[in-house]
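Here's model-v6.csv, which has CSV, C-alpha atoms:
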chain,number,residue,atom,x,y,z
A,5,MET,CA,58.2,88.2,95.1
A,6,ALA,CA,58.2,90.5,98.1
A,7,HIS,CA,59.4,88.9,101.3
A,8,ALA,CA,57.3,88.8,104.5
A,9,PRO,CA,57.8,91.8,106.8
A,10,ARG,CA,60.3,91.2,109.6
A,11,ASN,CA,58.0,92.8,112.2
A,12,SER,CA,54.4,91.6,112.2
A,13,PHE,CA,51.4,92.7,114.1
A,14,LEU,CA,50.2,90.5,116.9
A,15,VAL,CA,47.0,92.5,117.2
A,16,PRO,CA,46.0,95.7,115.6
A,17,GLY,CA,48.4,98.4,116.9
A,18,VAL,CA,50.7,95.9,118.7
A,19,THR,CA,53.8,94.7,116.9
A,20,ARG,CA,55.9,91.6,117.7
A,21,TYR,CA,59.1,93.6,118.2
A,22,SER,CA,59.4,97.0,119.8
A,23,ARG,CA,60.7,100.1,118.1
A,24,SER,CA,64.1,99.8,119.8
A,25,ALA,CA,64.4,96.0,119.0
A,26,MET,CA,63.8,96.7,115.3
A,27,TYR,CA,66.3,99.5,115.4
A,28,ALA,CA,68.9,97.0,116.6
A,29,LYS,CA,67.8,94.2,114.1
A,30,LYS,CA,68.2,96.6,111.2
A,31,ALA,CA,71.6,97.8,112.5
A,32,LEU,CA,70.5,101.4,111.8
A,33,HIS,CA,73.2,102.6,114.2
A,34,LYS,CA,75.8,101.6,111.6
A,35,ARG,CA,74.3,103.7,108.8
A,36,GLN,CA,75.6,107.2,108.4
A,37,LYS,CA,72.8,109.8,108.7
A,38,LYS,CA,73.5,112.8,106.6
A,39,ALA,CA,70.9,115.4,107.3
A,40,VAL,CA,71.1,119.1,106.4
A,41,ALA,CA,69.8,121.3,109.2
A,42,ALA,CA,67.1,123.7,108.0
A,43,PRO,CA,67.6,127.3,108.9
A,44,VAL,CA,65.8,128.2,112.1
A,45,LYS,CA,63.0,130.6,111.6
A,46,GLN,CA,62.2,133.1,114.3
A,47,VAL,CA,58.5,132.6,114.9
A,48,ALA,CA,56.8,134.4,117.8
A,49,ALA,CA,55.2,132.0,120.2
A,50,ASP,CA,52.3,134.4,121.1
A,51,LYS,CA,50.4,137.0,119.3
A,52,THR,CA,48.1,139.9,120.3
A,53,VAL,CA,44.6,140.1,119.0
A,54,GLU,CA,41.9,142.7,119.5
A,55,VAL,CA,38.8,141.8,121.5
A,56,LYS,CA,35.6,143.6,121.0
A,57,GLY,CA,33.5,144.7,123.9
A,58,ALA,CA,33.9,147.6,126.3
A,59,LYS,CA,34.5,145.3,129.4
A,60,ASN,CA,36.9,142.8,127.7
A,61,GLY,CA,40.1,144.9,127.9
A,62,GLY,CA,40.4,145.5,124.1
A,63,LYS,CA,43.4,143.2,123.6
A,64,ARG,CA,44.4,139.7,124.5
A,65,VAL,CA,47.5,137.6,124.1
A,66,ILE,CA,47.0,134.1,122.6
A,67,PRO,CA,49.3,131.3,121.3
A,68,ALA,CA,50.4,131.9,117.7
A,69,SER,CA,49.6,128.4,116.6
A,70,LYS,CA,46.5,126.7,117.7
A,71,ALA,CA,46.8,123.2,119.2
A,72,PRO,CA,45.4,120.4,117.0
A,73,ARG,CA,42.0,119.1,117.8
A,74,PHE,CA,42.8,115.5,117.0
A,75,TYR,CA,45.8,113.2,117.9
A,76,PRO,CA,47.0,110.1,116.1
A,77,ALA,CA,45.7,106.8,117.6
A,78,GLU,CA,49.1,105.1,117.3
A,79,ASP,CA,52.6,106.3,118.2
A,80,ILE,CA,54.4,108.0,115.3
A,81,PRO,CA,58.0,106.5,115.1
A,82,GLN,CA,60.6,109.0,115.9
A,83,PRO,CA,64.2,108.4,114.7
A,84,LYS,CA,66.7,107.9,117.4
A,85,VAL,CA,69.7,110.2,117.7
A,86,SER,CA,72.8,108.3,116.9
A,87,ARG,CA,75.7,109.1,119.2
A,88,LYS,CA,78.0,106.5,117.7
A,89,SER,CA,80.7,107.4,115.2
A,90,PRO,CA,82.2,104.7,112.9
A,91,LYS,CA,85.6,103.5,114.0
A,92,VAL,CA,88.2,101.5,112.2
A,93,ALA,CA,88.1,97.9,113.3
A,94,SER,CA,91.3,96.7,115.0
A,95,VAL,CA,93.0,93.7,113.5
A,96,ARG,CA,92.8,90.4,115.3
A,97,ALA,CA,95.8,89.4,117.4
A,98,SER,CA,96.4,86.4,115.2
A,99,ILE,CA,96.8,88.5,112.0
A,100,THR,CA,100.2,90.2,111.8
A,101,PRO,CA,102.2,91.3,108.7
A,102,GLY,CA,103.4,88.2,106.9
A,103,THR,CA,100.6,85.9,108.2
A,104,VAL,CA,99.3,83.4,105.7
A,105,LEU,CA,95.5,83.8,105.5
A,106,ILE,CA,92.8,81.5,104.0
A,107,LEU,CA,90.1,83.4,102.0
A,108,LEU,CA,86.6,82.3,102.7
A,109,ALA,CA,84.6,84.4,100.2
A,110,GLY,CA,85.0,86.0,96.8
A,111,ARG,CA,86.3,84.7,93.5
A,112,HIS,CA,89.5,83.5,95.2
A,113,LYS,CA,87.9,81.7,98.2
A,114,GLY,CA,89.8,78.7,99.5
A,115,LYS,CA,93.2,80.2,98.4
A,116,ARG,CA,96.0,81.1,100.7
A,117,VAL,CA,97.3,84.7,100.7
A,118,VAL,CA,100.0,86.7,102.5
A,119,PHE,CA,98.8,89.6,104.7
A,120,LEU,CA,100.8,92.8,104.1
A,121,LYS,CA,99.2,95.6,106.1
A,122,GLN,CA,95.9,97.1,107.2
A,123,LEU,CA,94.5,100.0,105.2
A,124,ASP,CA,92.8,103.2,106.6
A,125,SER,CA,89.4,101.7,106.0
A,126,GLY,CA,90.1,98.7,108.2
A,127,LEU,CA,90.4,96.3,105.3
A,128,LEU,CA,93.4,94.0,104.9
A,129,LEU,CA,95.8,94.3,102.0
A,130,VAL,CA,96.8,90.8,100.8
A,131,THR,CA,98.6,89.2,97.8
A,132,GLY,CA,98.9,85.6,96.6
A,133,PRO,CA,101.6,86.2,95.3
A,134,PHE,CA,100.0,86.4,91.9
A,135,LYS,CA,102.7,84.3,90.3
A,136,VAL,CA,102.0,81.5,92.7
A,137,ASN,CA,98.2,81.2,93.0
A,138,GLY,CA,96.8,84.0,90.8
A,139,VAL,CA,95.7,86.2,93.7
A,140,PRO,CA,96.6,89.9,92.9
A,141,LEU,CA,96.9,92.8,95.4
A,142,ARG,CA,93.4,93.1,96.8
A,143,ARG,CA,91.5,94.2,99.9
A,144,VAL,CA,89.6,91.7,102.1
A,145,ASN,CA,87.5,92.0,105.2
A,146,GLN,CA,89.1,90.2,108.2
A,147,ALA,CA,85.7,88.6,108.9
A,148,TYR,CA,86.1,86.5,105.8
A,149,VAL,CA,89.6,85.1,106.4
A,150,ILE,CA,91.1,82.4,108.6
A,151,ALA,CA,94.5,83.2,110.1
A,152,THR,CA,97.0,80.3,110.0
A,153,SER,CA,100.0,79.7,112.2
A,154,THR,CA,102.3,80.0,109.1
A,155,LYS,CA,104.1,83.4,109.1
A,156,LEU,CA,106.6,85.0,106.8
A,157,ASP,CA,109.3,87.5,107.7
A,158,ILE,CA,108.4,90.4,105.4
A,159,SER,CA,110.2,93.1,107.4
A,160,ALA,CA,112.4,93.7,104.3
A,161,VAL,CA,109.3,94.0,102.0
A,162,LYS,CA,108.4,97.6,101.3
A,163,VAL,CA,104.8,98.3,100.3
A,164,ASP,CA,104.5,101.6,98.4
A,165,ALA,CA,102.4,104.2,100.3
A,166,LYS,CA,100.3,104.8,97.2
A,167,ILE,CA,98.7,101.4,97.6
A,168,ASN,CA,95.8,102.5,99.7
A,169,ASP,CA,92.0,102.5,99.5
A,170,ALA,CA,92.1,105.1,96.7
A,171,TYR,CA,94.4,102.8,94.7
A,172,PHE,CA,91.5,100.3,94.4
A,173,ALA,CA,88.7,102.8,93.7
A,174,LYS,CA,86.9,102.2,90.4
A,175,LYS,CA,86.6,105.1,88.0
A,176,GLY,CA,83.1,105.9,86.8
A,177,GLY,CA,80.0,103.7,86.8
A,178,LYS,CA,78.3,101.5,84.4
A,179,GLN,CA,76.6,103.4,81.6
A,180,GLN,CA,73.4,102.4,79.8
A,181,LYS,CA,75.1,103.0,76.4
A,182,ALA,CA,77.3,99.9,77.0
A,183,PHE,CA,74.2,97.7,77.0
A,184,LEU,CA,72.8,99.3,73.9
A,185,GLU,CA,76.0,99.3,71.9
A,186,GLY,CA,76.6,95.6,72.7
A,187,GLU,CA,79.5,93.7,74.3
A,188,GLN,CA,82.6,95.8,74.4
A,189,LYS,CA,86.2,94.8,74.8
A,190,LYS,CA,87.4,94.6,78.4
A,191,ALA,CA,89.9,97.4,79.3
A,192,SER,CA,93.4,96.1,80.1
A,193,LEU,CA,95.0,96.7,83.5
A,194,PRO,CA,97.1,99.8,83.7
A,195,GLU,CA,100.9,99.3,83.3
A,196,SER,CA,101.5,101.0,86.6
A,197,LYS,CA,99.4,98.5,88.5
A,198,VAL,CA,101.1,95.6,86.7
A,199,ALA,CA,104.5,97.0,87.8
A,200,ASP,CA,103.4,97.4,91.4
A,201,GLN,CA,102.2,93.8,91.4
A,202,LYS,CA,105.5,92.5,90.1
A,203,ALA,CA,107.5,94.6,92.6
A,204,VAL,CA,105.6,93.3,95.6
A,205,ASP,CA,105.6,89.7,94.2
A,206,LYS,CA,109.4,89.8,93.7
A,207,ALA,CA,110.0,90.7,97.3
A,208,ILE,CA,107.6,88.1,98.6
A,209,LEU,CA,108.9,85.3,96.4
A,210,GLU,CA,112.4,86.0,97.7
A,211,VAL,CA,111.1,85.2,101.2
A,212,VAL,CA,109.1,82.2,100.1
A,213,SER,CA,112.0,80.6,98.3
A,214,LYS,CA,113.9,80.4,101.6
A,215,THR,CA,111.4,77.9,103.1
A,216,PRO,CA,111.1,74.4,101.5
A,217,PHE,CA,107.6,73.5,100.1
A,218,LEU,CA,106.2,76.9,101.1
A,219,SER,CA,105.5,77.8,97.4
A,220,GLN,CA,103.5,74.5,97.0
A,221,TYR,CA,101.6,75.3,100.3
A,222,LEU,CA,100.6,78.8,99.0
A,223,SER,CA,99.5,77.4,95.6
A,224,SER,CA,97.2,74.7,97.2
A,225,THR,CA,93.6,75.4,98.0
A,226,PHE,CA,91.8,74.8,101.3
A,227,GLY,CA,88.8,72.6,101.6
A,228,LEU,CA,87.0,70.3,104.1
A,229,LYS,CA,86.5,66.6,103.5
A,230,LYS,CA,83.8,64.4,104.9
A,231,GLY,CA,84.0,64.2,108.7
A,232,GLN,CA,86.2,67.3,109.1
A,233,PHE,CA,85.0,70.2,111.1
A,234,PRO,CA,86.7,73.6,111.1
A,235,HIS,CA,86.4,74.2,114.8
A,236,THR,CA,88.4,71.1,115.5
A,237,LEU,CA,91.2,71.9,113.1
A,238,LYS,CA,94.5,73.7,114.0
A,239,PHE,CA,95.4,76.1,111.1

Would you mind writing the file's structure down as structure tokens?
Amino acid sequence: MAHAPRNSFLVPGVTRYSRSAMYAKKALHKRQKKAVAAPVKQVAADKTVEVKGAKNGGKRVIPASKAPRFYPAEDIPQPKVSRKSPKVASVRASITPGTVLILLAGRHKGKRVVFLKQLDSGLLLVTGPFKVNGVPLRRVNQAYVIATSTKLDISAVKVDAKINDAYFAKKGGKQQKAFLEGEQKKASLPESKVADQKAVDKAILEVVSKTPFLSQYLSSTFGLKKGQFPHTLKF
């Protein structure tokens, strides 16, 4: 069922929101506009025509294109020129390498993870570690995490430079043949990624083992009980 239009007409020709207001509501300034400029054609603005009659001069210069006789009754929307370029979001001051974060969305929501570094795309690289709570190396948006006051000293933990945005890119898309052929066996994780996960977890677990009950804290999940409000809690 189609949803109701966001911008409705108050009277014919007059909308509830202006063109600029709808531009902001749709967040069109965030979308990349890739337009290929067409080659500019050199067209003469004027042309010379012959005029009959002995007293009319014989020639006359007129516009090359004739002005239209009719104009639209309503304004035709014209796209705004975007002068904003996408920038990488800066990490909140409360999120530093080694900070324990609480995930608020995704299949691992409610679990606690350790922040490692920020990637070039602006996303956060985190890990459970996997051996503690089952959260592997993954990227998360900082808008969907809560930074806690618990921090680990991971200055000795070395994250391989190859673990970047391209490391998490999926190869190929879904094909229609997979649906026709039936359910197929799920591909196993590459051995290289398993080795990378174990290397990072080993370094993190060495730091975790130095603090009592920290492993149990990371393995526990976060949740709110009746009467608890997140804005009154100190994480």

Quiz item: Pick the closest to Lys34 (chain A) from A:His112, A:Val144, A:Lys88, A:Ile150: which is it, counting all atoms listed in the file?
Solution: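 Nearest candidate to Lys34 (chain A) out of A:His112, A:Val144, A:Lys88, A:Ile150: A:Lys88.
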
Exercise. For CA of Gly126 (chain A) and CA of Gly138 (chain A), quote the distance in Å rounded to one decimal.
Key: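 Pair CA of Gly126 (chain A) / CA of Gly138 (chain A) returns 23.7 Å.
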
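Shortest atom-to-atom contact with Leu107 (chain A) among A:Thr225, A:Thr154, A:Asn168, A:Ser89: A:Thr225, counting all atoms listed in the file.
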
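Atom pair CA of Gln146 (chain A) / CA of Gly132 (chain A): separated by 15.9 Å.
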
Exercise. Quick one: pull the distance between CA of Ile208 (chain A) and CA of Val139 (chain A), Å, one decimal.
Key: 13.0 Å

Exercise. Find the residue from A:Lys63, A:Lys166, A:Arg116, A:Lys230 that sits nearest to Thr103 (chain A); use all atoms listed in the file when measuring.
Key: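 Nearest to Thr103 (chain A): A:Arg116.
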
What are the nearest atom pairs, with distances in Å to one decimal, for all residues of region 41-126 of chain A that come at most 12 Å from region 6-23 of chain A, using only C-alpha atoms, set out by chain and rising residue number as CSV?
residue,atom,partner,partner_atom,distance
A:Pro76,CA,A:Gly17,CA,11.8
A:Ala77,CA,A:Gly17,CA,8.9
A:Glu78,CA,A:Gly17,CA,6.7
A:Asp79,CA,A:Gly17,CA,9.0
A:Ile80,CA,A:Arg23,CA,10.5
A:Pro81,CA,A:Arg23,CA,7.6
A:Gln82,CA,A:Arg23,CA,9.2
A:Pro83,CA,A:Arg23,CA,9.6
A:Lys84,CA,A:Arg23,CA,9.9

Exercise. Would you kindly return, as a PyMOL selection string, each protein, DNA or RNA residue with an atom no farther than 9 Å from any atom of Phe134 (chain A), considering only C-alpha atoms and excluding same-chain residues fewer than 3 positions away?
Key: chain A and resi 131+137-141+201-202+205

What would the file look like if the residues just selected were written as a PDB file, in the frame of the given file with C-alpha atoms?
ATOM      1  CA  THR A 131      98.600  89.200  97.800  1.00  0.00           C
ATOM      2  CA  ASN A 137      98.200  81.200  93.000  1.00  0.00           C
ATOM      3  CA  GLY A 138      96.800  84.000  90.800  1.00  0.00           C
ATOM      4  CA  VAL A 139      95.700  86.200  93.700  1.00  0.00           C
ATOM      5  CA  PRO A 140      96.600  89.900  92.900  1.00  0.00           C
ATOM      6  CA  LEU A 141      96.900  92.800  95.400  1.00  0.00           C
ATOM      7  CA  GLN A 201     102.200  93.800  91.400  1.00  0.00           C
ATOM      8  CA  LYS A 202     105.500  92.500  90.100  1.00  0.00           C
ATOM      9  CA  ASP A 205     105.600  89.700  94.200  1.00  0.00           C
TER      10      ASP A 205
END

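Using only C-alpha atoms, the smallest distance between any of A:Arg64, A:Lys155, A:Arg142, A:Lys135 and Ala207 (chain A) comes from A:Lys135.
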
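Across A:Ser159, A:Asp164, A:Lys197, A:Gly114, the tightest approach to Leu228 (chain A) is made by A:Gly114 when counting all atoms listed in the file.
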
Exercise. Would you mind listing what lies within 10 Å of Lys37 (chain A) as JSON, numbers by chain, with only C-alpha atoms counted and same-chain residues fewer than 4 positions away left out?
Key: {"A": [32, 33, 85, 86]}

Coordinate excerpt as a compact mmCIF listing (two decimals), in the first residue's frame: region 136-160 of chain A, N, CA, C and O atoms:
# COMPACT_ATOMS: atom_id res chain seq x y z
N VAL A 136 34.78 -14.11 23.70
CA VAL A 136 34.09 -13.75 24.94
C VAL A 136 32.59 -13.66 24.73
O VAL A 136 31.79 -14.24 25.47
N ASN A 137 32.16 -12.91 23.72
CA ASN A 137 30.71 -12.69 23.52
C ASN A 137 30.23 -12.96 22.10
O ASN A 137 29.07 -12.69 21.78
N GLY A 138 31.10 -13.47 21.24
CA GLY A 138 30.66 -13.85 19.90
C GLY A 138 30.58 -12.73 18.91
O GLY A 138 30.05 -12.91 17.81
N VAL A 139 31.11 -11.54 19.23
CA VAL A 139 31.08 -10.41 18.29
C VAL A 139 32.41 -10.40 17.54
O VAL A 139 33.46 -10.18 18.16
N PRO A 140 32.41 -10.59 16.23
CA PRO A 140 33.66 -10.60 15.48
C PRO A 140 34.11 -9.18 15.13
O PRO A 140 33.47 -8.19 15.54
N LEU A 141 35.18 -9.08 14.40
CA LEU A 141 35.60 -7.78 13.87
C LEU A 141 34.52 -7.26 12.93
O LEU A 141 34.14 -7.94 11.98
N ARG A 142 34.01 -6.07 13.21
CA ARG A 142 32.94 -5.52 12.39
C ARG A 142 32.96 -4.01 12.46
O ARG A 142 33.59 -3.41 13.35
N ARG A 143 32.25 -3.40 11.51
CA ARG A 143 32.13 -1.94 11.47
C ARG A 143 30.77 -1.52 12.02
O ARG A 143 29.77 -2.16 11.72
N VAL A 144 30.74 -0.45 12.81
CA VAL A 144 29.50 0.07 13.34
C VAL A 144 29.50 1.59 13.22
O VAL A 144 30.56 2.23 13.22
N ASN A 145 28.31 2.15 13.14
CA ASN A 145 28.15 3.60 13.13
C ASN A 145 28.12 4.10 14.57
O ASN A 145 27.45 3.52 15.42
N GLN A 146 28.83 5.19 14.82
CA GLN A 146 28.90 5.69 16.19
C GLN A 146 27.55 6.22 16.68
O GLN A 146 27.36 6.42 17.88
N ALA A 147 26.59 6.42 15.77
CA ALA A 147 25.26 6.87 16.19
C ALA A 147 24.50 5.75 16.89
O ALA A 147 23.52 6.02 17.59
N TYR A 148 24.94 4.50 16.73
CA TYR A 148 24.24 3.35 17.29
C TYR A 148 25.05 2.67 18.39
O TYR A 148 24.94 1.46 18.58
N VAL A 149 25.86 3.44 19.11
CA VAL A 149 26.61 2.89 20.23
C VAL A 149 26.52 3.84 21.42
O VAL A 149 26.30 5.04 21.25
N ILE A 150 26.68 3.27 22.61
CA ILE A 150 26.80 4.06 23.84
C ILE A 150 28.21 3.85 24.38
O ILE A 150 28.65 2.72 24.58
N ALA A 151 28.91 4.94 24.59
CA ALA A 151 30.27 4.87 25.13
C ALA A 151 30.20 4.77 26.65
O ALA A 151 29.52 5.56 27.31
N THR A 152 30.88 3.79 27.20
CA THR A 152 30.91 3.61 28.65
C THR A 152 32.20 4.22 29.21
O THR A 152 33.10 4.61 28.46
N SER A 153 32.26 4.28 30.53
CA SER A 153 33.45 4.82 31.18
C SER A 153 34.55 3.77 31.31
O SER A 153 35.66 4.10 31.74
N THR A 154 34.27 2.53 30.95
CA THR A 154 35.27 1.46 31.02
C THR A 154 36.19 1.55 29.82
O THR A 154 35.73 1.57 28.67
N LYS A 155 37.49 1.61 30.07
CA LYS A 155 38.46 1.72 28.99
C LYS A 155 39.59 0.71 29.21
O LYS A 155 39.98 0.45 30.35
N LEU A 156 40.09 0.18 28.12
CA LEU A 156 41.21 -0.76 28.15
C LEU A 156 42.44 -0.10 27.56
O LEU A 156 42.33 0.73 26.64
N ASP A 157 43.58 -0.48 28.06
CA ASP A 157 44.84 0.03 27.52
C ASP A 157 45.28 -0.89 26.39
O ASP A 157 45.88 -1.95 26.61
N ILE A 158 44.95 -0.50 25.16
CA ILE A 158 45.28 -1.34 23.99
C ILE A 158 46.41 -0.72 23.18
O ILE A 158 46.50 -0.90 21.96
N SER A 159 47.27 0.04 23.86
CA SER A 159 48.38 0.66 23.15
C SER A 159 49.33 -0.39 22.57
O SER A 159 50.00 -0.15 21.56
N ALA A 160 49.38 -1.56 23.21
CA ALA A 160 50.26 -2.63 22.72
C ALA A 160 49.60 -3.49 21.67
O ALA A 160 50.26 -4.34 21.06
